[in-house]
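Enquirer: This is the structure I want to talk about, given as structure tokens.
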Amino acid sequence: MRMNWGGKLILGLLGMLVGGPVGLGIGLLIGHMLDKGTERVQAFNPFRPYRPGEQQQIHDALFNTVFSIMGHLAKADGRVSENEIAHARAVMDRMQLNEAQRQRAIELFTLGKADDFPLEQTVAEFARSVRHRKHLILVFLEILLQTALADGTLDPAEEAILSRVAQGLGVPPSQFRQLLNMLLAQAQFSAGGAYQQGAGQQAGTASGRPPLAQAYQVLGISEQASNQEVKRAYRKLMSEHHPDKLAARGVPEEMIRVATEKTAEISKAYEMIKSHRGFK
């Protein structure tokens, strides 16, 4: 880690001018404490600039972790079906992977299917790579949730794995549940109510529920929200899914295509609410 010497030098020199050798020692001590505090703030700042080579490391970590956990999710019910393999290949098509990337993705998917796949260790390594960049973590979770929901069902075993992933990344259960419910609503909103959950689960959006109620869930707000709250929720979601912002946060180009797919449902839900409420 790069050492920060600014505070030590400045306060050390000031201390020497004021109090001689004793002042120098006091100034160096205070400066050291200030520098350590600055380093901690920078380490946990999700928008701090990337160090040389760091962005590529995050690209690789995202790619490797997404596809290996996809394989683990496919094996969640004990066996990998032809449909799940076809779905994994469809995700690769949506990402427009080149041949080398596709081959690597298949290798990672196969690795994730192993009975001894180290899920917790894999998630911990990914967490260290992204260094508490909250927006990257949420995009990563959203991509995994989208891939789990793409076949129209969410198996309880899949949800349990995704919950463990979220926990390993420090995402509170309430935030994970909110993200899951929003994506469930978007899936049903897009499919016109065709989405089904696994047996024994409480539906995030019950089949046959009025489309307007689903529209509010797509935006992650209640039907009692004010017009201003509706607008803020919409703008926040669209901003978070903007390709330029995702790229600046380190999301690889091929994964941005998947992460931004839900913006059409977000816009459609917003327009429905606007039309119902009669505001512009």
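To be explicit about the labels: the chains of the structure tokens are called A, B, and onward in the order shown, and within each one the residues are counted from 1, while ligands get numbers from 1 in the order they are shown.
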With range 248-262 of chain A as the partner and 12 Å as the cut-off, tabulate the residues of range 76-113 of chain A that qualify, each row holding the nearest pair of atoms and their distance in Å to one decimal, using only C-alpha atoms, sorted by chain and rising number, as CSV.
Expert:
residue,atom,partner,partner_atom,distance
A:Ala90,CA,A:Val258,CA,11.2
A:Val91,CA,A:Val258,CA,8.2
A:Met92,CA,A:Glu254,CA,8.9
A:Asp93,CA,A:Glu254,CA,9.8
A:Arg94,CA,A:Val258,CA,6.9
A:Met95,CA,A:Glu254,CA,4.7
A:Gln96,CA,A:Glu254,CA,6.5
A:Leu97,CA,A:Glu254,CA,6.8
A:Asn98,CA,A:Glu254,CA,9.8
A:Gln101,CA,A:Glu254,CA,10.0
A:Arg102,CA,A:Glu254,CA,11.3
Enquirer: Write the residues you've just listed into a file as an mmCIF file, in the first residue's frame, and include C-alpha atoms for each of them.
Expert:
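Result file is again.cif:
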data_model
loop_
_atom_site.group_PDB
_atom_site.id
_atom_site.type_symbol
_atom_site.label_atom_id
_atom_site.label_comp_id
_atom_site.auth_asym_id
_atom_site.auth_seq_id
_atom_site.Cartn_x
_atom_site.Cartn_y
_atom_site.Cartn_z
ATOM 1 C CA ALA A 90 -28.080 -17.663 -23.611
ATOM 2 C CA VAL A 91 -26.497 -15.379 -20.998
ATOM 3 C CA MET A 92 -23.196 -15.630 -22.865
ATOM 4 C CA ASP A 93 -25.016 -14.687 -26.070
ATOM 5 C CA ARG A 94 -26.616 -11.664 -24.377
ATOM 6 C CA MET A 95 -23.179 -10.580 -23.186
ATOM 7 C CA GLN A 96 -21.849 -11.003 -26.758
ATOM 8 C CA LEU A 97 -18.748 -12.818 -25.532
ATOM 9 C CA ASN A 98 -15.984 -13.530 -28.003
ATOM 10 C CA GLN A 101 -14.353 -15.311 -23.289
ATOM 11 C CA ARG A 102 -17.021 -17.911 -24.012
#
Enquirer: As JSON, numbers by chain, please: every residue in range 97-233 of chain A that a backbone DSSP assignment puts in helix (DSSP H, G or I).
Expert: {"A": [99, 100, 101, 102, 103, 104, 105, 106, 107, 108, 109, 110, 111, 112, 119, 120, 121, 122, 123, 124, 125, 126, 127, 128, 129, 130, 134, 135, 136, 137, 138, 139, 140, 141, 142, 143, 144, 145, 146, 147, 148, 149, 156, 157, 158, 159, 160, 161, 162, 163, 164, 165, 166, 167, 168, 173, 174, 175, 176, 177, 178, 179, 180, 181, 182, 183, 184, 185, 186, 187, 188, 189, 190, 191, 211, 212, 213, 214, 215, 216, 217, 218, 219, 227, 228, 229, 230, 231, 232, 233]}
Enquirer: Just checking: using only C-alpha atoms, which residue out of A:Val218, A:Ile143, A:Ala127, A:Leu184 ends up closest to Lys268 in chain A?
Expert: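 That would be A:Val218, the residue with the smallest distance to Lys268 in chain A.
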Enquirer: Would you please work out which residue, of A:Phe189, A:Phe63, A:Lys231, A:Ser174, is nearest to Ala264 in chain A when using only C-alpha atoms?
Expert: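 Closest to Ala264 in chain A, using only C-alpha atoms: A:Phe189.
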Enquirer: Give me, as a ChimeraX atom specification, all polymer residues having an atom no more than 10 Å from Ala233 in chain A, counting only C-alpha atoms and skipping those fewer than 6 positions away in the same chain.
Expert: /A:216,218-221,225,227,239,266,270
Enquirer: Which polymer residues have any atom within 7 Å of an atom of Met238 in chain A, counting only C-alpha atoms, with same-chain residues fewer than 4 positions away left out, as number ranges by chain?
Expert: A: 234, 242, 263
Enquirer: Just the selected residues (C-alpha atoms), exported as a compact mmCIF listing (two decimals), in the first residue's frame, please.
Expert:
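Writing done, so here's again_32.txt:
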# COMPACT_ATOMS: atom_id res chain seq x y z
CA TYR A 234 -37.31 6.49 -11.16
CA HIS A 242 -26.75 4.16 -17.00
CA THR A 263 -34.36 -0.15 -17.86
Enquirer: Quick one: of A:Asn83, A:Ile137, A:Thr153, A:Gly278, who's nearest to Gln175 in chain A, counting only C-alpha atoms?
Expert: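 Ranking A:Asn83, A:Ile137, A:Thr153, A:Gly278 by distance to Gln175 in chain A, first place goes to A:Ile137.
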Enquirer: Restricting the calculation to only C-alpha atoms: of A:Arg89, A:Arg177, A:Arg131, A:Lys75, which residue gets closest to Phe117 in chain A?
Expert: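 Under the stated criterion, the closest residue is A:Lys75.
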Enquirer: Any idea what's packed within 12 Å of Leu138 in chain A, counting only C-alpha atoms, ignoring anything in its chain fewer than 6 positions away? Could you give it as a ChimeraX atom specification?
Expert: /A:46,62,127,130,132,144-145,165-166,169-172,175-176,178-180,240-241,246,249,251,259
Enquirer: Please, what distance in Å, to one decimal, runs between CA of Gly168 in chain A and CA of Glu120 in chain A?
Expert: 6.8 Å
Enquirer: Leaving out Gly112 in chain A and any residue of its chain fewer than 5 positions from it, which residues lie within 10 Å of it when counting only C-alpha atoms, given as a PDB file with C-alpha atoms, in the first residue's frame?
Expert:
ATOM      1  CA  THR A  65     -17.147 -14.865  -9.948  1.00  0.00           C
ATOM      2  CA  VAL A  66     -20.364 -14.420 -11.943  1.00  0.00           C
ATOM      3  CA  PHE A  67     -19.867 -17.485 -14.138  1.00  0.00           C
ATOM      4  CA  SER A  68     -18.575 -19.789 -11.416  1.00  0.00           C
ATOM      5  CA  ILE A  69     -21.518 -18.925  -9.155  1.00  0.00           C
ATOM      6  CA  MET A  70     -23.869 -19.360 -12.118  1.00  0.00           C
ATOM      7  CA  GLY A  71     -22.626 -22.938 -12.337  1.00  0.00           C
ATOM      8  CA  HIS A  72     -23.156 -23.365  -8.606  1.00  0.00           C
ATOM      9  CA  LEU A  73     -26.716 -22.031  -8.914  1.00  0.00           C
ATOM     10  CA  ALA A  74     -27.440 -24.456 -11.764  1.00  0.00           C
ATOM     11  CA  LYS A  75     -26.403 -27.351  -9.514  1.00  0.00           C
ATOM     12  CA  ILE A 106     -17.779 -22.426 -19.788  1.00  0.00           C
ATOM     13  CA  GLU A 107     -14.729 -23.474 -17.763  1.00  0.00           C
ATOM     14  CA  PHE A 117     -17.047 -25.557  -4.946  1.00  0.00           C
ATOM     15  CA  PRO A 118     -15.879 -23.081  -2.251  1.00  0.00           C
ATOM     16  CA  LEU A 119     -18.740 -20.567  -2.377  1.00  0.00           C
ATOM     17  CA  THR A 122     -15.055 -17.280  -3.773  1.00  0.00           C
TER      18      THR A 122
END
Enquirer: Find, counting only C-alpha atoms, the residue in A:Glu271, A:Asp115, A:Ala213, A:Ser129 that gets nearest to Ala76 in chain A.
Expert: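 Comparing A:Glu271, A:Asp115, A:Ala213, A:Ser129 against Ala76 in chain A, the winner is A:Asp115.
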